[in-house]
$ cat input-v2.cif   # mmCIF, C-alpha atoms
data_run
loop_
_atom_site.label_atom_id
_atom_site.label_comp_id
_atom_site.auth_asym_id
_atom_site.auth_seq_id
_atom_site.Cartn_x
_atom_site.Cartn_y
_atom_site.Cartn_z
CA MET A 857 -24.57 16.97 16.11
CA THR A 858 -26.18 15.31 13.11
CA VAL A 859 -25.06 17.72 10.41
CA PRO A 860 -23.78 15.46 7.63
CA GLY A 861 -20.06 15.75 7.12
CA TYR A 862 -19.51 17.10 10.58
CA ASP A 863 -20.65 14.21 12.71
CA PRO A 864 -17.47 12.30 13.55
CA VAL A 865 -19.09 8.91 13.27
CA VAL A 866 -20.76 9.63 9.96
CA GLN A 867 -17.63 11.23 8.57
CA GLY A 868 -15.41 8.43 9.79
CA GLU A 869 -17.40 6.02 7.67
CA ARG A 870 -17.39 8.20 4.61
CA ILE A 871 -13.84 9.41 4.31
CA ALA A 872 -11.70 7.79 1.66
CA LEU A 873 -8.99 5.50 2.93
CA VAL A 874 -6.41 7.09 0.62
CA ASP A 875 -7.04 10.54 2.07
CA LEU A 876 -6.65 9.12 5.54
CA LEU A 877 -3.46 7.18 4.74
CA ASP A 878 -1.91 10.29 3.19
CA ARG A 879 -2.39 11.96 6.55
CA VAL A 880 -1.71 9.29 9.15
CA LEU A 881 1.40 7.97 7.39
CA ALA A 882 2.87 11.25 6.16
CA GLY A 883 1.44 13.70 8.71
CA GLY A 884 1.34 13.88 12.47
CA VAL A 885 4.14 14.38 14.94
CA VAL A 886 7.00 11.93 14.58
CA ILE A 887 8.40 10.75 17.89
CA VAL A 888 10.77 7.89 18.35
CA GLY A 889 8.90 5.90 20.98
CA ASP A 890 10.10 2.79 22.76
CA ILE A 891 8.73 0.32 20.25
CA THR A 892 8.24 2.36 17.12
CA LEU A 893 9.55 1.21 13.84
CA SER A 894 12.14 3.59 12.57
CA ILE A 895 10.75 6.45 10.54
CA ALA A 896 12.50 4.97 7.53
CA GLU A 897 10.47 1.79 7.93
CA VAL A 898 7.15 3.61 8.04
CA ASP A 899 8.29 5.54 4.98
CA LEU A 900 8.97 2.22 3.29
CA VAL A 901 5.37 1.19 3.91
CA ARG A 902 4.27 4.36 2.20
CA VAL A 903 6.56 3.71 -0.73
CA SER A 904 5.39 0.12 -1.15
CA LEU A 905 1.74 1.19 -0.91
CA ARG A 906 2.31 3.74 -3.62
CA ALA A 907 4.13 1.22 -5.76
CA LEU A 908 1.18 -1.14 -5.34
CA VAL A 909 -1.44 1.37 -6.37
CA THR A 910 0.52 2.91 -9.21
CA SER A 911 1.32 -0.44 -10.77
CA ILE A 912 -2.42 -1.06 -10.89
CA SER A 913 -3.36 2.25 -12.43
CA GLY A 914 -0.26 3.15 -14.41
CA LEU A 915 -0.71 6.81 -13.65
CA MET A 916 2.83 7.68 -12.81
CA GLU A 917 2.71 10.58 -15.28
CA ALA A 918 0.21 12.42 -13.12
CA MET A 919 2.48 12.01 -10.13
CA ASP A 920 5.56 13.09 -12.07
CA ASP A 921 3.80 16.21 -13.27
CA SER A 922 2.89 17.00 -9.72
CA GLN A 923 6.51 17.51 -8.78
CA GLU A 924 6.34 20.88 -10.45
CA TYR A 925 4.18 21.94 -7.50
CA GLY A 926 6.26 20.51 -4.73
CA MET B 330 7.30 -13.94 23.40
CA THR B 331 5.16 -15.69 26.00
CA ALA B 332 2.43 -13.48 27.45
CA ASP B 333 0.83 -10.73 25.35
CA GLY B 334 2.58 -7.80 26.97
CA SER B 335 0.96 -4.43 26.96
CA LEU B 336 2.14 -1.44 24.92
CA VAL B 337 0.91 2.14 24.96
CA TRP B 338 -0.41 3.54 21.68
CA MET B 339 -0.24 7.33 21.50
CA TYR B 340 -2.94 9.14 19.47
CA GLY B 341 -2.21 12.79 20.09
CA VAL B 342 -1.72 15.64 22.53
CA THR B 343 -4.05 18.34 23.79
CA ARG B 344 -3.70 21.14 26.32
CA GLY B 345 -3.65 20.00 29.92
CA ASP B 346 -6.63 22.14 30.82
CA PHE B 347 -8.67 20.36 28.21
CA GLU B 348 -11.01 18.44 30.48
CA ALA B 349 -13.47 17.47 27.83
CA VAL B 350 -10.96 14.96 26.42
CA ALA B 351 -12.29 12.13 28.54
CA ASP B 352 -15.89 12.92 27.57
CA GLY B 353 -14.92 13.28 23.94
CA VAL B 354 -13.40 9.84 23.64
CA ALA B 355 -15.98 8.09 25.83
CA GLY B 356 -17.54 5.29 23.81
CA VAL B 357 -15.04 5.52 20.95
CA GLY B 358 -13.43 2.15 20.28
CA GLY B 359 -9.72 2.80 19.98
CA VAL B 360 -6.98 0.94 18.14
CA GLY B 361 -7.27 -2.78 18.91
CA GLY B 362 -10.68 -2.14 20.48
CA SER B 363 -9.05 -0.72 23.59
CA PRO B 364 -10.81 2.35 25.05
CA PRO B 365 -8.67 5.50 24.97
CA ARG B 366 -7.45 7.09 28.20
CA THR B 367 -5.34 10.11 29.07
CA ILE B 368 -1.91 10.80 30.59
CA THR B 369 -1.16 14.31 31.84
CA ALA B 370 2.29 15.86 32.26
CA ALA B 371 3.95 19.25 31.72
CA GLY B 372 0.54 20.90 31.38
CA LEU B 373 -0.31 18.69 28.40
CA THR B 374 -2.62 15.72 28.00
CA ALA B 375 -1.74 12.74 25.85
CA ILE B 376 -4.52 10.51 24.54
CA VAL B 377 -3.33 6.92 24.65
CA GLY B 378 -4.61 3.35 24.55
CA ASP B 379 -3.33 -0.06 25.64
CA VAL B 380 -2.50 -2.58 22.92
CA GLY B 381 -0.88 -6.00 22.97
CA ASP B 382 2.62 -6.56 21.65
CA ARG B 383 1.61 -9.72 19.79
CA GLU B 384 -0.14 -7.47 17.27
CA TYR B 385 1.64 -4.17 17.81
CA GLY B 386 5.16 -5.21 18.80
CA GLU B 387 7.99 -4.35 16.47
CA ALA B 388 8.08 -7.56 14.43
CA ALA B 389 4.28 -7.81 14.22
CA LEU B 390 3.97 -4.17 13.19
CA ARG B 391 6.43 -4.56 10.36
CA ARG B 392 4.28 -7.38 9.00
CA ASN B 393 0.90 -5.82 9.73
CA LEU B 394 1.69 -2.48 8.13
CA GLU B 395 1.98 -4.28 4.79
CA ASP B 396 -1.51 -5.72 5.23
CA LEU B 397 -3.90 -3.22 3.70
CA ASP B 398 -6.92 -4.44 5.71
CA TRP B 399 -5.04 -4.20 8.98
CA LEU B 400 -3.66 -0.81 8.01
CA ALA B 401 -7.11 0.47 7.05
CA ARG B 402 -8.68 -0.75 10.29
CA THR B 403 -5.88 0.74 12.39
CA ALA B 404 -5.80 4.05 10.53
CA ARG B 405 -9.58 4.43 10.92
CA ALA B 406 -9.44 3.62 14.63
CA HIS B 407 -6.58 6.10 15.17
CA HIS B 408 -8.51 8.73 13.24
CA ALA B 409 -11.81 8.09 15.04
CA VAL B 410 -10.21 8.86 18.40
CA LEU B 411 -8.47 11.99 17.12
CA GLU B 412 -11.63 13.20 15.47
CA ALA B 413 -13.65 12.69 18.63
CA VAL B 414 -11.12 14.80 20.53
CA ALA B 415 -10.86 17.41 17.77
CA GLY B 416 -14.59 17.94 18.13
CA ARG B 417 -13.90 19.33 21.62
CA GLY B 418 -10.71 21.31 21.07
CA SER B 419 -7.34 21.35 19.33
CA VAL B 420 -5.38 18.12 19.21
CA VAL B 421 -1.91 17.49 17.82
CA PRO B 422 -2.04 14.11 16.06
CA MET B 423 0.83 11.65 16.29
CA ARG B 424 1.94 9.73 13.23
CA LEU B 425 0.51 6.21 13.03
CA THR B 426 2.39 3.62 15.13
CA THR B 427 3.77 5.83 17.89
CA LEU B 428 4.15 3.23 20.65
CA PHE B 429 5.70 3.11 24.10
CA ALA B 430 6.54 0.28 26.46
CA SER B 431 4.79 2.04 29.36
CA ASP B 432 3.14 5.27 30.49
CA ALA B 433 6.55 6.53 31.60
CA GLY B 434 7.66 6.84 27.98
CA VAL B 435 4.63 9.00 27.19
CA THR B 436 5.20 11.18 30.26
CA GLY B 437 8.84 11.61 29.28
CA THR B 438 7.88 12.60 25.74
CA LEU B 439 5.38 15.18 26.99
CA GLN B 440 8.08 16.69 29.21
CA GLU B 441 10.89 16.64 26.65
CA ARG B 442 8.82 17.90 23.74
CA ALA B 443 6.53 20.24 25.72
CA ASP B 444 7.64 23.36 23.83
CA ASP B 445 7.15 21.68 20.45
CA PHE B 446 3.67 20.50 21.43
CA ARG B 447 2.70 23.95 22.73
CA ARG B 448 3.93 25.58 19.52
CA ALA B 449 1.96 23.09 17.44
CA LEU B 450 -1.14 23.62 19.60
CA SER B 451 -1.01 27.37 19.19
CA LEU B 452 -0.58 27.01 15.41
CA ILE B 453 -3.69 24.84 15.06
CA SER B 454 -5.83 26.51 17.73
CA ALA B 455 -9.28 27.48 16.32
CA ARG B 456 -8.12 26.24 12.92
CA SER B 457 -8.86 23.08 10.96
CA GLU B 458 -7.37 21.18 8.10
CA TRP B 459 -9.25 20.97 4.79
CA GLY B 460 -8.32 18.82 1.84
CA VAL B 461 -8.74 19.98 -1.75
CA LYS B 462 -8.19 17.64 -4.68
CA ALA B 463 -8.46 18.50 -8.35
CA TYR B 464 -9.16 15.95 -11.07
CA ALA B 465 -8.47 16.60 -14.74
CA VAL B 466 -11.80 16.52 -16.54
CA LYS B 467 -11.81 14.30 -19.63
CA PRO B 468 -11.87 16.50 -22.74
CA SER B 469 -15.23 16.44 -24.43
CA ASP B 470 -15.63 15.47 -28.09
CA PRO B 471 -13.85 18.27 -29.95
CA VAL B 472 -16.62 18.37 -32.57
CA ALA B 473 -19.25 18.92 -29.95
CA ASP B 474 -17.11 21.43 -28.12
CA PRO B 475 -17.50 24.88 -29.63
CA GLY B 476 -14.08 25.80 -28.31
CA HIS B 477 -12.45 23.18 -30.51
CA GLN B 478 -14.29 23.35 -33.84
CA VAL B 479 -12.79 20.96 -36.31
CA ALA B 480 -13.99 22.88 -39.31
CA GLY B 481 -12.45 26.29 -39.39
CA PRO B 482 -14.35 29.44 -40.28
CA GLU B 483 -13.43 28.85 -43.93
CA GLY B 484 -15.76 25.85 -44.10
CA PRO B 485 -15.76 22.03 -43.75
CA ALA B 486 -12.71 19.98 -44.75
CA ALA B 487 -12.39 18.34 -48.15
CA GLY B 488 -12.75 14.50 -48.24
CA PRO B 489 -13.88 12.01 -45.58
CA GLY B 490 -10.27 10.75 -45.10
CA ALA B 491 -8.95 14.22 -44.52
CA ALA B 492 -11.85 14.96 -42.23
CA TYR B 493 -11.05 11.88 -40.18
CA LEU B 494 -7.38 12.82 -39.85
CA GLN B 495 -8.29 16.35 -38.96
CA ARG B 496 -10.76 15.16 -36.36
CA ARG B 497 -8.23 12.71 -34.92
CA ARG B 498 -5.58 15.42 -34.77
CA ALA B 499 -8.03 17.77 -33.10
CA GLN B 500 -8.89 15.08 -30.53
CA LEU B 501 -5.24 14.58 -29.69
CA THR B 502 -4.63 18.30 -29.46
CA ALA B 503 -7.74 18.73 -27.35
CA SER B 504 -6.64 16.01 -24.96
CA LYS B 505 -3.14 17.48 -24.68
CA ASP B 506 -4.59 20.95 -24.25
CA ALA B 507 -7.02 19.70 -21.64
CA ARG B 508 -4.18 18.16 -19.70
CA SER B 509 -2.06 21.29 -19.65
CA GLU B 510 -5.16 23.37 -18.98
CA ALA B 511 -5.95 21.10 -16.03
CA LEU B 512 -2.44 21.50 -14.66
CA ALA B 513 -2.58 25.26 -15.13
CA SER B 514 -5.98 25.34 -13.39
CA ALA B 515 -4.64 23.23 -10.55
CA ARG B 516 -1.82 25.69 -10.06
CA THR B 517 -4.24 28.63 -10.02
CA VAL B 518 -6.64 26.86 -7.66
CA TYR B 519 -3.82 26.03 -5.27
CA ALA B 520 -2.63 29.63 -5.17
CA GLU B 521 -6.13 31.14 -4.95
CA LEU B 522 -7.15 28.97 -2.02
CA SER B 523 -3.89 29.68 -0.22
CA ARG B 524 -5.15 33.23 0.26
CA PHE B 525 -7.80 31.93 2.67
CA ALA B 526 -5.43 29.67 4.58
CA VAL B 527 -2.84 30.12 7.30
CA THR B 528 -0.58 27.64 5.56
CA SER B 529 -0.81 24.76 3.11
CA ARG B 530 0.84 21.53 2.14
CA LEU B 531 0.96 19.49 -1.05
CA TYR B 532 0.64 15.72 -1.20
CA PRO B 533 1.47 13.64 -4.25
CA PRO B 534 -1.64 13.07 -6.36
CA GLN B 535 -3.31 9.73 -5.63
CA ALA B 536 -3.60 7.03 -8.25
CA SER B 537 -7.04 7.05 -9.89
CA ASP B 538 -7.97 3.49 -8.90
CA LEU B 539 -7.46 4.09 -5.22
CA ALA B 540 -9.12 7.47 -5.28
CA GLY B 541 -12.17 5.92 -6.96
CA GLN B 542 -12.06 8.31 -9.90
CA GLN B 543 -11.72 7.70 -13.62
CA THR B 544 -9.75 10.84 -14.28
CA PRO B 545 -6.21 11.68 -13.17
CA MET B 546 -5.71 13.74 -10.07
CA VAL B 547 -3.71 16.89 -10.69
CA LEU B 548 -3.79 18.43 -7.22
CA ASN B 549 -3.83 16.94 -3.72
CA ALA B 550 -3.50 19.76 -1.22
CA ALA B 551 -4.16 20.35 2.47
CA TYR B 552 -4.92 23.76 3.95
CA LEU B 553 -4.95 25.00 7.51
CA VAL B 554 -7.91 27.36 7.71
CA ALA B 555 -9.21 29.48 10.58
CA ASP B 556 -12.55 28.02 11.68
CA GLU B 557 -14.21 31.41 11.21
CA ARG B 558 -13.14 31.37 7.54
CA ALA B 559 -14.22 27.77 6.84
CA ASP B 560 -17.42 28.84 5.03
CA GLU B 561 -15.52 31.37 2.97
CA PHE B 562 -12.97 28.70 2.03
CA ALA B 563 -15.70 26.26 0.97
CA ALA B 564 -17.42 28.98 -1.08
CA ALA B 565 -14.12 29.87 -2.76
CA THR B 566 -13.60 26.22 -3.66
CA ALA B 567 -17.07 26.02 -5.17
CA GLY B 568 -16.43 29.26 -7.09
CA LEU B 569 -13.18 27.94 -8.52
CA THR B 570 -14.90 24.73 -9.66
CA ALA B 571 -17.38 26.81 -11.59
CA ARG B 572 -14.66 28.93 -13.21
CA HIS B 573 -12.26 26.18 -14.27
CA ARG B 574 -13.86 23.75 -16.72
CA PHE B 575 -10.82 21.47 -17.03
CA VAL B 576 -10.76 20.45 -13.40
CA GLU B 577 -13.25 19.09 -10.92
CA LEU B 578 -12.57 19.96 -7.29
CA THR B 579 -13.44 18.00 -4.17
CA LEU B 580 -13.32 19.37 -0.65
CA THR B 581 -12.82 17.15 2.41
CA GLY B 582 -12.76 18.06 6.08
CA PRO B 583 -12.61 19.38 8.62
CA TRP B 584 -9.69 17.10 9.49
CA PRO B 585 -7.63 17.04 12.67
CA ALA B 586 -4.52 19.02 11.69
CA TYR B 587 -2.45 15.99 10.59
CA SER B 588 -0.62 17.88 7.89
CA PHE B 589 0.54 20.84 9.95
CA VAL B 590 2.15 19.49 13.09
CA GLY B 591 5.03 17.40 11.78
CA GLU B 592 8.68 18.22 11.27
CA GLY B 593 9.07 20.94 8.74
CA ASP B 594 5.39 21.84 8.83
CA GLY B 595 5.39 23.68 12.09
CA PRO B 596 5.56 27.38 12.79
CA GLY B 597 8.32 29.24 11.03
CA GLN B 598 8.68 26.58 8.36
CA ARG B 599 5.68 27.04 6.18
#
$ encode --input "input-v2.cif" --output "structure tokens"
Amino acid sequence: MTVPGYDPVVQGERIALVDLLDRVLAGGVVIVGDITLSIAEVDLVRVSLRALVTSISGLMEAMDDSQEYG
Amino acid sequence: MTADGSLVWMYGVTRGDFEAVADGVAGVGGVGGSPPRTITAAGLTAIVGDVGDREYGEAALRRNLEDLDWLARTARAHHAVLEAVAGRGSVVPMRLTTLFASDAGVTGTLQERADDFRRALSLISARSEWGVKAYAVKPSDPVADPGHQVAGPEGPAAGPGAAYLQRRRAQLTASKDARSEALASARTVYAELSRFAVTSRLYPPQASDLAGQQTPMVLNAAYLVADERADEFAAATAGLTARHRFVELTLTGPWPAYSFVGEGDGPGQR
């Protein structure tokens, strides 16, 4: 129960927001619910978040290189 | 909009016989502070919560999703519920902001997509998601690094000016080499770890500022690993860190299987 890294509460506090946003915005099952934004709109959020963070760090090169993997 | 109408936020889906769900989420504050509850249909159980449409309605959502604090709070609440459930058994996570006007919408989804949910549940059963990121390690001073001796075996360079230029050139070469070495290592690491995983997925590397690291990320991968091989996977990651001096690896998890239940990530499409 209290093993560090495995306790949900402890881990919830420690995980990096970026790792979480990668997953909750790009992962998970996509279902068009009654009130959901369109998938395109959630994708737009992801794009604008990325634009925000990359304009701060200027590390587009690293992301461009990564496309070799994809 | 007059009254704050109620919407149903959907977290994820588990097997219908999964009775520990209620216990698992007991005491976990859900999205908007609303305690999670369950809806069962078609032999499946959805974990849901009630939220108000003033904050989670379509127009409000569009605005709130652009607010990083709101997004962070909501993502963490969504995750906390899924993680509490994942501690008891397999759960298929929904993407953030899956909302319905009433329970009927959730019931309908469980019925219509029952086969998809069952397929996803069998893929992730007794397996967990692990994240592996690789950062390019800054090249060390080429003079201090025996692998990049400035002075060749024939002896030190002639004048101080030439020595400077030579050192500068060596630094640039070293930094370029380090970068391609890091990328090559990342490629090797990704392939090596795939051997321990059922399937894997690549995310774009995160920007350094957000990731809280000084050095560029060269790999951002997720792996679906059988729980019985989790230790082996962690040991392999540690082993690879030791063997590749141009990258530093970090391991995160276990995660609910966010990266392996969506369109194109399911069975038969790895």
$ resolve_selection --input "input-v2.cif" --expression "the PyMOL selection byres ((chain B) within 8 of (chain A))" --output "PyMOL selection string"
chain B and resi 386-387+390-391+394-395+401+404-405+408-409+412-413+416+421-430+434+516+531-540+545-548+582-583+586-592
$ atom_distance --input "input-v2.cif" --atom1 "atom CA of Ala463 of chain B" --atom2 "atom CA of Ala499 of chain B"
24.8 Å
$ residues_around --input "input-v2.cif" --residues "Ala351 of chain B" --least-positions-apart "5" --cutoff "12 Å" --atoms "all atoms listed in the file" --output "PyMOL selection string"
chain B and resi 343+345-346+356-357+364-369+374-377+410+413-414+417-418
$ atom_distance --input "input-v2.cif" --atom1 "atom CA of Gly358 of chain B" --atom2 "atom CA of Gly378 of chain B"
9.9 Å
$ atom_distance --input "input-v2.cif" --atom1 "atom CA of Ala465 of chain B" --atom2 "atom CA of Val576 of chain B"
4.7 Å
$ closest_residue --input "input-v2.cif" --among "B:Val380, B:Ala550, B:Ala503, B:Val360" --to "Lys467 of chain B" --atoms "all atoms listed in the file"
B:Ala503
$ resolve_selection --input "input-v2.cif" --expression "the PyMOL selection byres ((chain B and resi 371) around 8)" --output "ChimeraX atom specification"
/B:345,369-370,372-373,439-440,443
$ write_last_selection --input "input-v2.cif" --atoms "C-alpha atoms" --output "PDB file, in the coordinates of the input"
ATOM      1  CA  GLY B 345      -3.650  20.000  29.920  1.00  0.00           C
ATOM      2  CA  THR B 369      -1.160  14.310  31.840  1.00  0.00           C
ATOM      3  CA  ALA B 370       2.290  15.860  32.260  1.00  0.00           C
ATOM      4  CA  GLY B 372       0.540  20.900  31.380  1.00  0.00           C
ATOM      5  CA  LEU B 373      -0.310  18.690  28.400  1.00  0.00           C
ATOM      6  CA  LEU B 439       5.380  15.180  26.990  1.00  0.00           C
ATOM      7  CA  GLN B 440       8.080  16.690  29.210  1.00  0.00           C
ATOM      8  CA  ALA B 443       6.530  20.240  25.720  1.00  0.00           C
TER       9      ALA B 443
END
$ closest_residue --input "input-v2.cif" --among "B:Phe575, B:Tyr552, B:Tyr340, B:Tyr493" --to "Ala415 of chain B" --atoms "all atoms listed in the file"
B:Tyr340
$ resolve_selection --input "input-v2.cif" --expression "the PyMOL selection byres ((chain B and resi 526) around 12)" --output "PyMOL selection string"
chain B and resi 453+456-460+519-525+527-530+550-559+561-563+565+589+599
